[in-house]
$ cat target.txt   # compact mmCIF, C-alpha atoms
# COMPACT_ATOMS: atom_id res chain seq x y z
CA MET Y 68 25.04 -16.44 95.54
CA LEU Y 69 24.00 -19.08 98.11
CA THR Y 70 26.95 -21.21 97.03
CA SER Y 71 29.40 -18.36 97.56
CA ILE Y 72 28.00 -17.70 101.06
CA THR Y 73 28.31 -21.41 101.94
CA ASP Y 74 31.89 -21.51 100.67
CA GLY Y 75 32.68 -18.36 102.68
CA ILE Y 76 31.36 -19.90 105.91
CA LEU Y 77 33.39 -23.04 105.22
CA CYS Y 78 36.45 -20.88 104.65
CA CYS Y 79 35.96 -19.11 108.00
CA LEU Y 80 35.49 -22.40 109.89
CA THR Y 81 38.40 -24.31 108.38
CA GLY Y 82 40.78 -21.39 107.86
CA LYS Y 83 41.43 -22.57 104.31
CA ALA Y 84 40.40 -21.20 100.98
CA ALA Y 85 37.16 -22.63 99.69
CA SER Y 86 38.73 -23.32 96.33
CA LEU Y 87 42.29 -23.58 95.17
CA VAL Y 88 43.81 -20.55 93.52
CA MET Y 89 44.16 -21.95 90.01
CA PRO Y 90 44.38 -20.37 86.58
CA VAL Y 91 41.13 -19.81 84.74
CA ASP Y 92 40.57 -21.94 81.66
CA SER Y 93 40.95 -20.00 78.45
CA SER Y 94 38.56 -20.29 75.54
CA GLU Y 95 41.10 -18.82 73.12
CA PRO Y 96 43.06 -21.02 70.72
CA ALA Y 97 46.24 -22.30 72.33
CA ASP Y 98 48.48 -21.68 69.35
CA THR Y 99 48.75 -17.95 70.14
CA PHE Y 100 49.47 -18.42 73.85
CA GLU Y 101 52.77 -18.90 75.62
CA PHE Y 102 53.53 -19.59 79.26
CA VAL Y 103 56.59 -17.72 80.49
CA GLU Y 104 58.30 -18.57 83.77
CA VAL Y 105 59.42 -15.18 85.04
CA LYS Y 106 60.64 -16.74 88.31
CA PRO Y 107 60.86 -20.30 89.58
CA GLY Y 108 57.28 -21.46 90.03
CA ARG Y 109 55.85 -18.13 88.78
CA VAL Y 110 54.38 -18.59 85.32
CA LEU Y 111 52.49 -15.97 83.33
CA ARG Y 112 50.23 -16.59 80.39
CA VAL Y 113 51.15 -14.37 77.45
CA ARG Y 114 49.25 -13.99 74.23
CA HIS Y 115 51.87 -13.42 71.56
CA ILE Y 116 50.59 -12.65 68.09
CA MET Y 117 53.38 -12.70 65.54
CA PRO Y 118 51.97 -11.78 62.13
CA GLU Y 119 53.36 -13.08 58.87
CA ARG Y 120 54.86 -9.90 57.51
CA ARG Y 121 55.95 -9.37 53.98
CA ALA Y 122 59.07 -7.40 53.19
CA PRO Y 123 58.15 -3.81 54.15
CA VAL Y 124 58.31 -1.16 51.48
CA VAL Y 125 60.61 1.57 52.80
CA THR Y 126 59.60 4.99 51.51
CA GLU Y 127 61.41 8.31 51.73
CA GLU Y 128 59.03 9.42 54.49
CA ASP Y 129 60.05 6.42 56.61
CA GLN Y 130 63.73 7.21 56.15
CA VAL Y 131 63.43 10.82 57.32
CA LYS Y 132 63.57 10.97 61.12
CA ASP Y 133 63.60 14.30 62.92
CA SER Y 134 64.52 14.45 66.57
CA VAL Y 135 62.68 16.38 69.24
CA HIS Y 136 64.69 18.28 71.83
CA CYS Y 137 63.52 17.15 75.28
CA LYS Y 138 64.82 19.67 77.78
CA ARG Y 139 63.12 20.66 80.99
CA LYS Y 140 64.11 21.80 84.44
CA ILE Y 141 62.12 20.32 87.33
CA THR Y 142 62.39 22.14 90.66
CA VAL Y 143 60.69 21.17 93.92
CA TYR Y 144 60.65 23.88 96.58
CA ARG Y 145 60.31 23.41 100.29
CA ASN Y 146 56.86 25.00 100.33
CA GLY Y 147 55.52 22.17 98.15
CA GLN Y 148 55.58 24.04 94.84
CA LEU Y 149 56.67 22.14 91.75
CA VAL Y 150 57.98 24.30 88.90
CA ILE Y 151 58.56 22.70 85.51
CA GLU Y 152 60.40 24.79 82.93
CA ASN Y 153 60.11 23.42 79.40
CA LEU Y 154 63.26 24.65 77.70
CA GLY Y 155 63.12 22.46 74.62
CA ASP Y 156 60.39 21.52 72.16
CA VAL Y 157 56.81 21.32 73.37
CA LEU Y 158 54.34 19.57 71.08
CA HIS Y 159 50.87 20.95 70.44
CA SER Y 160 48.15 19.38 72.56
CA GLU Y 161 45.80 18.69 69.64
CA ILE Y 162 47.90 16.35 67.56
CA VAL Y 163 45.71 13.28 67.41
CA GLN Y 164 43.65 14.30 64.39
CA CYS Y 165 45.33 12.18 61.70
CA GLN Y 166 47.67 15.12 61.13
CA ASN Y 167 51.22 16.01 62.04
CA GLY Y 168 51.61 17.88 65.28
CA ASP Y 169 52.94 21.40 65.62
CA VAL Y 170 55.81 22.45 67.84
CA GLU Y 171 55.33 25.22 70.34
CA PRO Y 172 57.86 27.47 72.08
CA CYS Y 173 59.15 26.76 75.56
CA SER Y 174 57.11 27.57 78.63
CA THR Y 175 56.88 27.24 82.41
CA VAL Y 176 54.35 25.18 84.37
CA GLU Y 177 53.77 25.65 88.10
CA VAL Y 178 51.69 23.20 90.15
CA GLU Y 179 51.37 22.16 93.76
CA LEU Y 180 52.48 18.70 94.86
CA ALA Y 181 49.53 16.43 95.57
CA ASP Y 182 50.94 14.96 98.78
CA TYR Y 183 52.19 18.30 100.13
CA LYS Y 184 51.04 19.28 103.61
CA GLU Y 185 51.02 23.00 104.20
CA VAL Y 186 53.54 24.21 106.73
CA PRO Y 187 53.76 27.65 108.28
CA THR Y 188 56.15 29.97 106.52
CA SER Y 189 57.77 33.15 107.70
CA PRO Y 190 55.71 36.21 106.82
CA GLU Y 191 57.03 38.56 104.20
CA PRO Y 192 58.70 41.67 105.60
CA LYS Y 193 56.42 44.68 105.70
CA PRO Y 194 57.69 47.81 103.98
CA ALA Y 195 59.02 50.42 106.38
CA PRO Y 196 56.95 53.61 106.67
CA PRO Y 197 58.39 56.53 104.70
CA LEU Y 198 60.51 58.91 106.77
CA SER Y 199 59.55 62.57 106.83
CA MET Y 200 62.40 64.52 105.28
CA VAL Y 201 62.83 68.24 104.95
CA GLY Y 202 62.82 69.25 101.31
CA GLU Y 203 62.80 66.54 98.64
CA GLN Y 204 61.31 63.18 99.64
CA LYS Y 205 62.72 59.94 98.20
CA PRO Y 206 60.51 56.85 97.85
CA ALA Y 207 61.24 54.00 100.20
CA PRO Y 208 63.18 51.11 98.60
CA PRO Y 209 61.12 47.98 97.86
CA PRO Y 210 61.36 45.22 100.45
CA ARG Y 211 63.87 42.48 99.77
CA ARG Y 212 62.25 39.09 99.37
CA ARG Y 213 63.93 36.03 100.68
CA ARG Y 214 65.16 33.83 97.85
CA ARG Y 215 63.50 30.43 97.71
CA LYS Y 216 65.77 27.48 98.19
CA PRO Y 217 64.93 24.44 96.07
CA LYS Y 218 64.55 21.15 97.89
CA ARG Y 219 65.22 19.08 94.78
CA MET Y 220 66.19 19.87 91.21
CA VAL Y 221 66.20 17.59 88.15
CA MET Y 222 67.55 18.58 84.74
CA ILE Y 223 66.58 16.65 81.61
CA ASP Y 224 68.35 17.28 78.31
CA SER Y 225 68.08 14.69 75.57
CA GLU Y 226 67.09 14.13 71.96
CA ARG Y 227 64.25 11.77 71.08
CA GLU Y 228 63.20 10.43 67.70
CA ILE Y 229 59.43 10.17 67.31
CA SER Y 230 58.29 8.37 64.19
CA SER Y 231 55.22 6.73 62.74
CA CYS Y 232 54.78 3.11 63.81
CA LYS Y 233 53.03 1.05 61.14
CA GLY Y 234 51.97 -2.56 61.24
CA THR Y 235 54.35 -3.35 58.40
CA HIS Y 236 57.36 -2.27 60.45
CA SER Y 237 59.10 -5.33 61.86
CA ASP Y 238 60.76 -3.32 64.66
CA VAL Y 239 57.44 -2.33 66.31
CA ALA Y 240 55.75 -4.27 69.11
CA LEU Y 241 52.60 -3.48 71.11
CA PHE Y 242 52.36 -4.40 74.80
CA PHE Y 243 48.91 -4.49 76.44
CA VAL Y 244 48.81 -4.52 80.28
CA HIS Y 245 45.51 -4.89 82.17
CA GLY Y 246 44.66 -3.77 85.71
CA VAL Y 247 43.32 -5.28 88.92
CA GLY Y 248 40.71 -7.96 88.40
CA GLY Y 249 41.11 -8.10 84.64
CA SER Y 250 42.93 -10.34 82.20
CA LEU Y 251 44.34 -10.13 78.71
CA ASP Y 252 40.84 -11.01 77.45
CA ILE Y 253 39.62 -7.45 78.11
CA TRP Y 254 41.79 -6.40 75.14
CA GLY Y 255 40.00 -8.79 72.77
CA SER Y 256 38.78 -6.10 70.35
CA GLN Y 257 42.14 -4.32 70.32
CA LEU Y 258 44.17 -7.51 69.81
CA ASP Y 259 42.03 -8.58 66.86
CA PHE Y 260 42.06 -5.11 65.29
CA PHE Y 261 45.80 -4.49 65.47
CA SER Y 262 46.77 -8.06 64.59
CA ARG Y 263 44.83 -7.66 61.34
CA LEU Y 264 46.88 -4.53 60.65
CA GLY Y 265 50.08 -6.55 60.97
CA TYR Y 266 51.31 -5.44 64.40
CA GLU Y 267 53.18 -7.80 66.70
CA ILE Y 268 51.23 -8.02 69.96
CA ILE Y 269 52.21 -9.10 73.46
CA ALA Y 270 49.46 -9.24 76.11
CA PRO Y 271 50.27 -10.90 79.48
CA ASP Y 272 48.06 -11.95 82.36
CA LEU Y 273 49.23 -10.52 85.66
CA ALA Y 274 50.02 -13.00 88.42
CA GLY Y 275 46.81 -14.40 89.89
CA HIS Y 276 44.77 -13.24 86.89
CA GLY Y 277 43.51 -15.06 83.84
CA ALA Y 278 45.49 -18.24 83.27
CA SER Y 279 48.67 -17.17 85.10
CA THR Y 280 49.70 -18.99 88.26
CA ALA Y 281 48.44 -17.52 91.53
CA PRO Y 282 50.84 -17.95 94.48
CA HIS Y 283 49.04 -18.04 97.82
CA ILE Y 284 51.34 -15.47 99.40
CA ALA Y 285 50.61 -11.75 99.68
CA ALA Y 286 54.17 -10.70 98.83
CA ALA Y 287 53.67 -12.06 95.31
CA TYR Y 288 51.23 -9.26 94.50
CA THR Y 289 53.07 -6.12 95.58
CA PHE Y 290 53.73 -3.46 92.98
CA TYR Y 291 57.43 -4.26 92.91
CA ALA Y 292 56.85 -7.99 92.38
CA LEU Y 293 54.40 -7.38 89.54
CA ALA Y 294 56.66 -4.71 88.03
CA GLU Y 295 59.54 -7.18 87.89
CA ASP Y 296 57.23 -9.62 86.13
CA MET Y 297 56.47 -7.00 83.50
CA ARG Y 298 60.16 -6.21 83.19
CA ALA Y 299 60.88 -9.86 82.42
CA ILE Y 300 58.11 -9.97 79.81
CA PHE Y 301 59.30 -6.73 78.24
CA LYS Y 302 62.92 -7.85 78.01
CA LYS Y 303 61.86 -11.13 76.41
CA TYR Y 304 59.64 -9.67 73.67
CA ALA Y 305 60.86 -6.08 73.21
CA ARG Y 306 61.73 -4.74 69.77
CA LYS Y 307 63.49 -1.55 68.79
CA ARG Y 308 60.32 0.57 68.97
CA ASN Y 309 57.83 -0.56 71.60
CA ILE Y 310 54.43 0.92 72.39
CA LEU Y 311 52.95 0.30 75.85
CA ILE Y 312 49.17 0.35 76.36
CA GLY Y 313 47.98 0.16 79.97
CA HIS Y 314 44.59 0.25 81.64
CA SER Y 315 43.89 1.36 85.21
CA TYR Y 316 46.56 -0.22 87.49
CA GLY Y 317 48.37 -1.45 84.39
CA VAL Y 318 49.25 2.18 83.60
CA SER Y 319 51.63 2.21 86.57
CA PHE Y 320 53.60 -0.71 85.12
CA CYS Y 321 53.77 1.02 81.74
CA THR Y 322 55.08 4.15 83.48
CA PHE Y 323 57.67 2.06 85.28
CA LEU Y 324 58.90 0.47 82.03
CA ALA Y 325 58.95 3.82 80.19
CA HIS Y 326 61.08 5.30 82.96
CA GLU Y 327 63.43 2.30 83.09
CA TYR Y 328 63.82 1.87 79.30
CA PRO Y 329 63.43 5.33 77.71
CA ASP Y 330 65.35 4.33 74.57
CA GLN Y 331 63.19 1.29 73.86
CA VAL Y 332 59.75 2.64 74.75
CA HIS Y 333 58.62 4.71 71.78
CA LYS Y 334 55.09 5.69 72.82
CA VAL Y 335 52.71 5.06 75.73
CA VAL Y 336 48.91 4.95 75.99
CA MET Y 337 47.31 5.43 79.43
CA ILE Y 338 43.63 4.46 79.64
CA ASN Y 339 41.88 5.67 82.80
CA GLY Y 340 45.14 5.48 84.73
CA GLY Y 341 44.63 8.31 87.23
CA GLY Y 342 46.88 11.12 88.36
CA PRO Y 343 50.67 11.31 88.71
CA THR Y 344 50.71 10.51 92.41
CA ALA Y 345 52.59 7.93 94.43
CA LEU Y 346 50.67 4.71 95.07
CA GLU Y 347 49.59 4.06 98.63
CA PRO Y 348 47.03 1.44 99.71
CA SER Y 349 43.90 2.61 101.47
CA LEU Y 350 43.59 1.42 105.07
CA CYS Y 351 39.81 1.97 105.15
CA SER Y 352 38.96 -0.08 102.08
CA ILE Y 353 36.54 -2.98 101.87
CA PHE Y 354 39.41 -5.02 100.45
CA GLN Y 355 41.06 -5.01 103.88
CA LEU Y 356 38.43 -7.49 105.06
CA PRO Y 357 39.42 -11.17 105.39
CA SER Y 358 39.44 -13.23 102.22
CA CYS Y 359 36.55 -15.41 103.41
CA VAL Y 360 34.37 -12.32 103.88
CA LEU Y 361 35.31 -11.06 100.43
CA HIS Y 362 34.37 -14.47 99.07
CA CYS Y 363 30.89 -14.08 100.54
CA LEU Y 364 30.62 -10.59 99.08
CA SER Y 365 31.93 -11.56 95.64
CA PRO Y 366 28.50 -11.34 93.90
CA CYS Y 367 27.98 -7.87 95.37
CA LEU Y 368 31.48 -6.81 94.37
CA ALA Y 369 30.93 -8.05 90.82
CA TRP Y 370 27.70 -6.10 90.56
CA SER Y 371 29.36 -2.97 91.98
CA PHE Y 372 32.15 -3.28 89.44
CA LEU Y 373 29.62 -3.64 86.62
CA LYS Y 374 27.76 -0.55 87.82
CA ALA Y 375 30.89 1.57 88.28
CA GLY Y 376 32.97 0.25 85.39
CA PHE Y 377 30.40 0.60 82.61
CA ALA Y 378 28.32 3.57 81.57
CA HIS Y 379 25.32 1.26 81.07
CA GLN Y 380 24.38 -1.94 82.90
CA GLY Y 381 22.46 -3.91 80.30
CA ALA Y 382 22.74 -7.43 78.95
CA LYS Y 383 25.47 -6.32 76.55
CA GLU Y 384 27.70 -5.08 79.37
CA LYS Y 385 27.12 -8.24 81.41
CA GLN Y 386 28.15 -10.32 78.42
CA LEU Y 387 31.25 -8.17 77.88
CA LEU Y 388 32.18 -8.63 81.53
CA LYS Y 389 31.81 -12.39 81.19
CA GLN Y 390 33.67 -12.63 77.89
CA GLY Y 391 36.47 -10.37 79.10
CA ASN Y 392 36.94 -12.51 82.19
CA ALA Y 393 37.02 -9.28 84.18
CA PHE Y 394 36.79 -9.22 87.97
CA ASN Y 395 36.99 -13.01 88.03
CA VAL Y 396 39.84 -13.45 90.50
CA ASN Y 397 40.23 -15.23 93.80
CA PRO Y 398 39.35 -13.04 96.83
CA PHE Y 399 42.80 -13.63 98.31
CA VAL Y 400 44.45 -12.36 95.12
CA LEU Y 401 42.11 -9.38 94.99
CA ARG Y 402 42.84 -8.46 98.61
CA ALA Y 403 46.60 -8.85 98.13
CA MET Y 404 46.55 -6.78 94.93
CA MET Y 405 44.75 -3.87 96.60
CA SER Y 406 46.97 -4.00 99.69
CA GLY Y 407 50.16 -4.22 97.63
CA GLN Y 408 49.69 -0.97 95.72
CA TYR Y 409 52.60 0.79 97.38
CA TRP Y 410 54.93 2.76 95.10
CA PRO Y 411 56.27 5.94 96.74
CA GLU Y 412 58.70 6.62 93.87
CA GLY Y 413 55.90 7.17 91.35
CA ASP Y 414 55.21 10.78 92.28
CA GLU Y 415 54.86 13.95 90.16
CA VAL Y 416 58.60 14.32 89.64
CA TYR Y 417 58.88 10.70 88.48
CA HIS Y 418 56.21 11.31 85.83
CA ALA Y 419 57.66 14.69 84.87
CA GLU Y 420 60.94 12.98 83.99
CA LEU Y 421 59.29 10.96 81.20
CA THR Y 422 60.16 12.16 77.70
CA VAL Y 423 58.08 9.65 75.74
CA PRO Y 424 54.90 10.84 73.94
CA ILE Y 425 51.86 9.74 75.93
CA LEU Y 426 48.21 9.52 74.91
CA LEU Y 427 45.74 9.79 77.79
CA VAL Y 428 42.32 8.21 77.18
CA HIS Y 429 39.54 8.89 79.68
CA GLY Y 430 35.96 7.64 79.80
CA MET Y 431 33.60 10.45 80.72
CA TYR Y 432 31.45 8.26 83.01
CA ASP Y 433 34.37 6.65 84.84
CA LYS Y 434 33.48 6.39 88.53
CA PHE Y 435 36.86 4.99 89.58
CA VAL Y 436 39.12 7.68 88.09
CA PRO Y 437 37.90 11.32 88.07
CA ILE Y 438 38.76 13.34 84.99
CA ASP Y 439 40.64 15.81 87.20
CA GLU Y 440 43.33 13.18 87.77
CA ASP Y 441 43.95 12.65 84.06
CA GLN Y 442 43.98 16.42 83.53
CA ARG Y 443 46.63 16.77 86.20
CA MET Y 444 48.60 14.00 84.53
CA ALA Y 445 48.47 15.95 81.27
CA GLU Y 446 49.84 19.02 83.05
CA ILE Y 447 52.80 17.16 84.53
CA LEU Y 448 53.92 15.14 81.50
CA LEU Y 449 56.15 16.62 78.82
CA PHE Y 450 54.40 15.22 75.71
CA ALA Y 451 50.84 14.36 76.81
CA PHE Y 452 47.64 14.47 74.80
CA LEU Y 453 44.32 13.97 76.59
CA LYS Y 454 41.30 12.51 74.77
CA VAL Y 455 37.94 12.17 76.53
CA ILE Y 456 35.42 9.64 75.18
CA GLU Y 457 31.96 10.81 76.13
CA GLU Y 458 30.24 7.43 75.67
CA GLY Y 459 32.70 5.42 77.77
CA SER Y 460 33.41 4.65 81.40
CA HIS Y 461 36.25 2.81 83.14
CA MET Y 462 36.14 -0.13 80.70
CA VAL Y 463 36.05 2.18 77.70
CA MET Y 464 38.09 -0.14 75.46
CA MET Y 465 35.29 -2.75 75.84
CA GLU Y 466 32.39 -0.30 75.62
CA CYS Y 467 33.65 1.73 72.65
CA PRO Y 468 36.11 -0.56 70.86
CA ASP Y 469 35.88 1.13 67.46
CA THR Y 470 36.50 4.59 68.90
CA VAL Y 471 39.42 3.42 71.02
CA ASN Y 472 40.97 1.39 68.20
CA THR Y 473 40.81 4.32 65.79
CA LEU Y 474 42.24 6.70 68.38
CA LEU Y 475 45.11 4.38 69.25
CA HIS Y 476 45.92 3.72 65.60
CA GLU Y 477 46.07 7.45 64.87
CA PHE Y 478 48.48 7.88 67.77
CA PHE Y 479 50.67 5.01 66.57
CA LEU Y 480 50.92 6.58 63.11
CA TRP Y 481 51.43 10.12 64.40
CA GLU Y 482 54.78 11.88 64.15
CA PRO Y 483 55.63 15.53 64.86
CA ASP Y 484 56.03 18.00 62.02
CA MET Y 485 59.43 19.50 62.68
CA SER Y 486 59.43 21.64 59.53
CA LYS Y 487 57.12 24.15 61.21
CA LYS Y 488 59.54 24.37 64.11
CA LYS Y 489 62.40 25.42 61.84
CA ALA Y 490 60.34 28.07 60.03
CA ALA Y 491 58.41 29.39 63.04
CA LYS Y 492 59.04 32.85 64.44
CA THR Y 493 57.78 33.12 67.98
CA ASP Y 494 56.46 36.25 69.66
CA PRO Y 495 58.26 36.83 73.00
CA ASP Y 496 55.06 38.20 74.56
CA LYS Y 497 52.82 35.39 73.35
CA THR Y 498 50.85 33.37 75.90
CA VAL Y 499 50.62 29.70 75.00
CA ILE Y 500 48.74 26.71 76.38
CA VAL Y 501 51.03 23.85 77.31
CA ASN Y 502 49.54 20.55 78.45
CA GLY Y 503 46.35 22.30 79.46
CA VAL Y 504 48.10 25.00 81.55
CA VAL Y 505 48.29 28.62 80.48
CA ALA Y 506 51.90 29.68 80.62
CA GLN Y 507 53.84 32.77 79.63
CA THR Y 508 56.64 32.31 77.13
CA PRO Y 509 59.97 33.49 78.61
CA LYS Y 510 61.26 36.69 77.10
CA PRO Y 511 64.70 36.71 75.50
CA ASN Y 512 67.45 38.77 77.05
CA LYS Y 513 67.92 42.20 75.49
CA PRO Y 514 71.27 42.91 73.88
CA MET Y 515 73.60 45.17 75.79
CA ASP Y 516 74.09 48.73 74.56
CA LYS Y 517 77.49 49.26 73.05
$ encode --input "target.txt" --output "structure tokens"
Amino acid sequence: MLTSITDGILCCLTGKAASLVMPVDSSEPADTFEFVEVKPGRVLRVRHIMPERRAPVVTEEDQVKDSVHCKRKITVYRNGQLVIENLGDVLHSEIVQCQNGDVEPCSTVEVELADYKEVPTSPEPKPAPPLSMVGEQKPAPPPRRRRRKPKRMVMIDSEREISSCKGTHSDVALFFVHGVGGSLDIWGSQLDFFSRLGYEIIAPDLAGHGASTAPHIAAAYTFYALAEDMRAIFKKYARKRNILIGHSYGVSFCTFLAHEYPDQVHKVVMINGGGPTALEPSLCSIFQLPSCVLHCLSPCLAWSFLKAGFAHQGAKEKQLLKQGNAFNVNPFVLRAMMSGQYWPEGDEVYHAELTVPILLVHGMYDKFVPIDEDQRMAEILLFAFLKVIEEGSHMVMMECPDTVNTLLHEFFLWEPDMSKKKAAKTDPDKTVIVNGVVAQTPKPNKPMDK
């Protein structure tokens, strides 16, 4: 700690960084690593595991592919209300049990926009007092309500094939994207587990993290710059069916890719990613302090991350933090990453437009992301399934690797059971639960009397 304080004072006096922003040496074997130049002078380290697959045995179950009808109407009103009408197929919210998922009838979800500021609205007209009439009295007509005018309306109508993704399938690739302060090493347990099952794996280091180059310019760490890096990695390694797994800030990049490439992204896993709100950097954050000050506070920041990111703070967790190379980034990179989290397009409507099945994983003791945010995400998304791990925190994939690996594998193998959809007879008055929100099933129109 004394060394970090001395380096920080030297940084303040000279105006230069105490140490050069260089990639961290990797202890992993070099034969599974590649260095990809996404832009001139911008090189990312990528761990690419390409298993030696035998010729896959194609069964009748693999050949049968049923499509899911993705149809929803998204309406944003001027009073800040967001109404989502699911007009197509809605999958059951308890599908991740090593079983096929059911298909539910359509429904309507109404929520309030997170960034909406209440504005005064015109009061509803009061009913006129009944007039005294001689003889028979007629009831006063009901007041006419002013029709709401939508501010924005989005209509989605498409067909999506959702199939089981096995390790023996040569058209399946898994992409693992870490968050701020991490590296691809935090996925160590997941990379080993799924590589043994035969999956092709791509896990990059974000710019300034792990062994990737770290430009000493703040513009290199904005959301848009990092998203373009992930786009380049995705286009280089993508297969026909790609599964994106993101953690924390990495979830935003997975969302971006799923929105940009809906036909290539087959499934998405969001681990402690937060709610469906637009990114905006905090102006009152400790990361707004100068880099030299952050350098002095680096031991305190590392301890705070250990305390908030793990459910327990024992020797095991400290070793995991060291092995995962987590929160081991230059203070300048850390400050630029936190200040560059600006993405106004990633709001509720942006997330509601996604038609890809999404598994939400949340650690119960996470102090960075409240469970309310993941629950709201489940309400907004079309095909979302929330799983809470009671023993985990923000770094749940490192704390509970066996639980997370099993859960992810079940989701990869899952496919909807469309046979129940064809044989189901729905009750028009039935109340269903869709994405954690109680909604009333729309009633069909009655036939006209002849």
$ atom_distance --input "target.txt" --atom1 "atom CA of Glu226 of chain Y" --atom2 "atom CA of Arg139 of chain Y"
11.8 Å
$ closest_residue --input "target.txt" --among "Y:Phe260, Y:Phe242, Y:Lys233, Y:Gly277" --to "Gly317 of chain Y" --atoms "all atoms listed in the file"
Y:Phe242
$ closest_residue --input "target.txt" --among "Y:Ala378, Y:Ile338, Y:Met464, Y:Ile229" --to "Val436 of chain Y" --atoms "only C-alpha atoms"
Y:Ile338
$ closest_residue --input "target.txt" --among "Y:Met117, Y:Ala274, Y:Met404, Y:Val150" --to "Ser262 of chain Y" --atoms "only C-alpha atoms"
Y:Met117
$ residues_around --input "target.txt" --residues "Pro282 of chain Y" --least-positions-apart "2" --cutoff "10 Å" --atoms "all atoms listed in the file" --output "list in words"
Val88, Met89, Gly108, Arg109, Val110, Ala274, Gly275, Ser279, Thr280, Ile284, Ala285, Ala286, Ala287, Tyr288, Phe399 and Val400 of chain Y
$ closest_residue --input "target.txt" --among "Y:Ser250, Y:Asn309, Y:Gln331, Y:Ser237" --to "Arg114 of chain Y" --atoms "all atoms listed in the file"
Y:Ser250
$ build_atoms --input "target.txt" --residues "segment 473-478 of chain Y" --atoms "all heavy atoms" --output "PDB file, keeping the file's coordinate frame"
ATOM      1  N   THR Y 473      40.467   3.250  66.731  1.00  0.00           N
ATOM      2  CA  THR Y 473      40.810   4.320  65.790  1.00  0.00           C
ATOM      3  C   THR Y 473      41.730   5.345  66.427  1.00  0.00           C
ATOM      4  O   THR Y 473      42.702   5.810  65.824  1.00  0.00           O
ATOM      5  CB  THR Y 473      39.532   5.000  65.276  1.00  0.00           C
ATOM      6  OG1 THR Y 473      38.685   4.025  64.663  1.00  0.00           O
ATOM      7  CG2 THR Y 473      39.860   6.082  64.262  1.00  0.00           C
ATOM      8  N   LEU Y 474      41.426   5.711  67.668  1.00  0.00           N
ATOM      9  CA  LEU Y 474      42.240   6.700  68.380  1.00  0.00           C
ATOM     10  C   LEU Y 474      43.657   6.191  68.593  1.00  0.00           C
ATOM     11  O   LEU Y 474      44.638   6.912  68.364  1.00  0.00           O
ATOM     12  CB  LEU Y 474      41.581   7.042  69.710  1.00  0.00           C
ATOM     13  CG  LEU Y 474      42.253   8.111  70.559  1.00  0.00           C
ATOM     14  CD1 LEU Y 474      42.269   9.438  69.830  1.00  0.00           C
ATOM     15  CD2 LEU Y 474      41.527   8.252  71.895  1.00  0.00           C
ATOM     16  N   LEU Y 475      43.782   4.947  69.030  1.00  0.00           N
ATOM     17  CA  LEU Y 475      45.110   4.380  69.250  1.00  0.00           C
ATOM     18  C   LEU Y 475      45.891   4.271  67.945  1.00  0.00           C
ATOM     19  O   LEU Y 475      47.098   4.570  67.912  1.00  0.00           O
ATOM     20  CB  LEU Y 475      44.989   3.002  69.898  1.00  0.00           C
ATOM     21  CG  LEU Y 475      45.073   2.945  71.430  1.00  0.00           C
ATOM     22  CD1 LEU Y 475      43.984   3.783  72.073  1.00  0.00           C
ATOM     23  CD2 LEU Y 475      44.970   1.501  71.923  1.00  0.00           C
ATOM     24  N   HIS Y 476      45.228   3.867  66.878  1.00  0.00           N
ATOM     25  CA  HIS Y 476      45.920   3.720  65.600  1.00  0.00           C
ATOM     26  C   HIS Y 476      46.424   5.069  65.085  1.00  0.00           C
ATOM     27  O   HIS Y 476      47.533   5.168  64.545  1.00  0.00           O
ATOM     28  CB  HIS Y 476      44.986   3.080  64.561  1.00  0.00           C
ATOM     29  CG  HIS Y 476      45.689   2.641  63.327  1.00  0.00           C
ATOM     30  ND1 HIS Y 476      45.099   2.676  62.078  1.00  0.00           N
ATOM     31  CD2 HIS Y 476      46.956   2.164  63.132  1.00  0.00           C
ATOM     32  CE1 HIS Y 476      45.960   2.238  61.172  1.00  0.00           C
ATOM     33  NE2 HIS Y 476      47.090   1.928  61.793  1.00  0.00           N
ATOM     34  N   GLU Y 477      45.622   6.110  65.258  1.00  0.00           N
ATOM     35  CA  GLU Y 477      46.070   7.450  64.870  1.00  0.00           C
ATOM     36  C   GLU Y 477      47.313   7.860  65.649  1.00  0.00           C
ATOM     37  O   GLU Y 477      48.240   8.475  65.105  1.00  0.00           O
ATOM     38  CB  GLU Y 477      44.947   8.460  65.096  1.00  0.00           C
ATOM     39  CG  GLU Y 477      43.767   8.309  64.153  1.00  0.00           C
ATOM     40  CD  GLU Y 477      42.673   9.307  64.456  1.00  0.00           C
ATOM     41  OE1 GLU Y 477      42.828  10.086  65.421  1.00  0.00           O
ATOM     42  OE2 GLU Y 477      41.651   9.314  63.741  1.00  0.00           O
ATOM     43  N   PHE Y 478      47.317   7.522  66.932  1.00  0.00           N
ATOM     44  CA  PHE Y 478      48.480   7.880  67.770  1.00  0.00           C
ATOM     45  C   PHE Y 478      49.708   7.076  67.361  1.00  0.00           C
ATOM     46  O   PHE Y 478      50.822   7.590  67.374  1.00  0.00           O
ATOM     47  CB  PHE Y 478      48.135   7.636  69.235  1.00  0.00           C
ATOM     48  CG  PHE Y 478      49.234   7.994  70.191  1.00  0.00           C
ATOM     49  CD1 PHE Y 478      49.694   9.289  70.294  1.00  0.00           C
ATOM     50  CD2 PHE Y 478      49.823   7.014  70.991  1.00  0.00           C
ATOM     51  CE1 PHE Y 478      50.712   9.623  71.174  1.00  0.00           C
ATOM     52  CE2 PHE Y 478      50.833   7.328  71.868  1.00  0.00           C
ATOM     53  CZ  PHE Y 478      51.278   8.645  71.966  1.00  0.00           C
TER      54      PHE Y 478
END
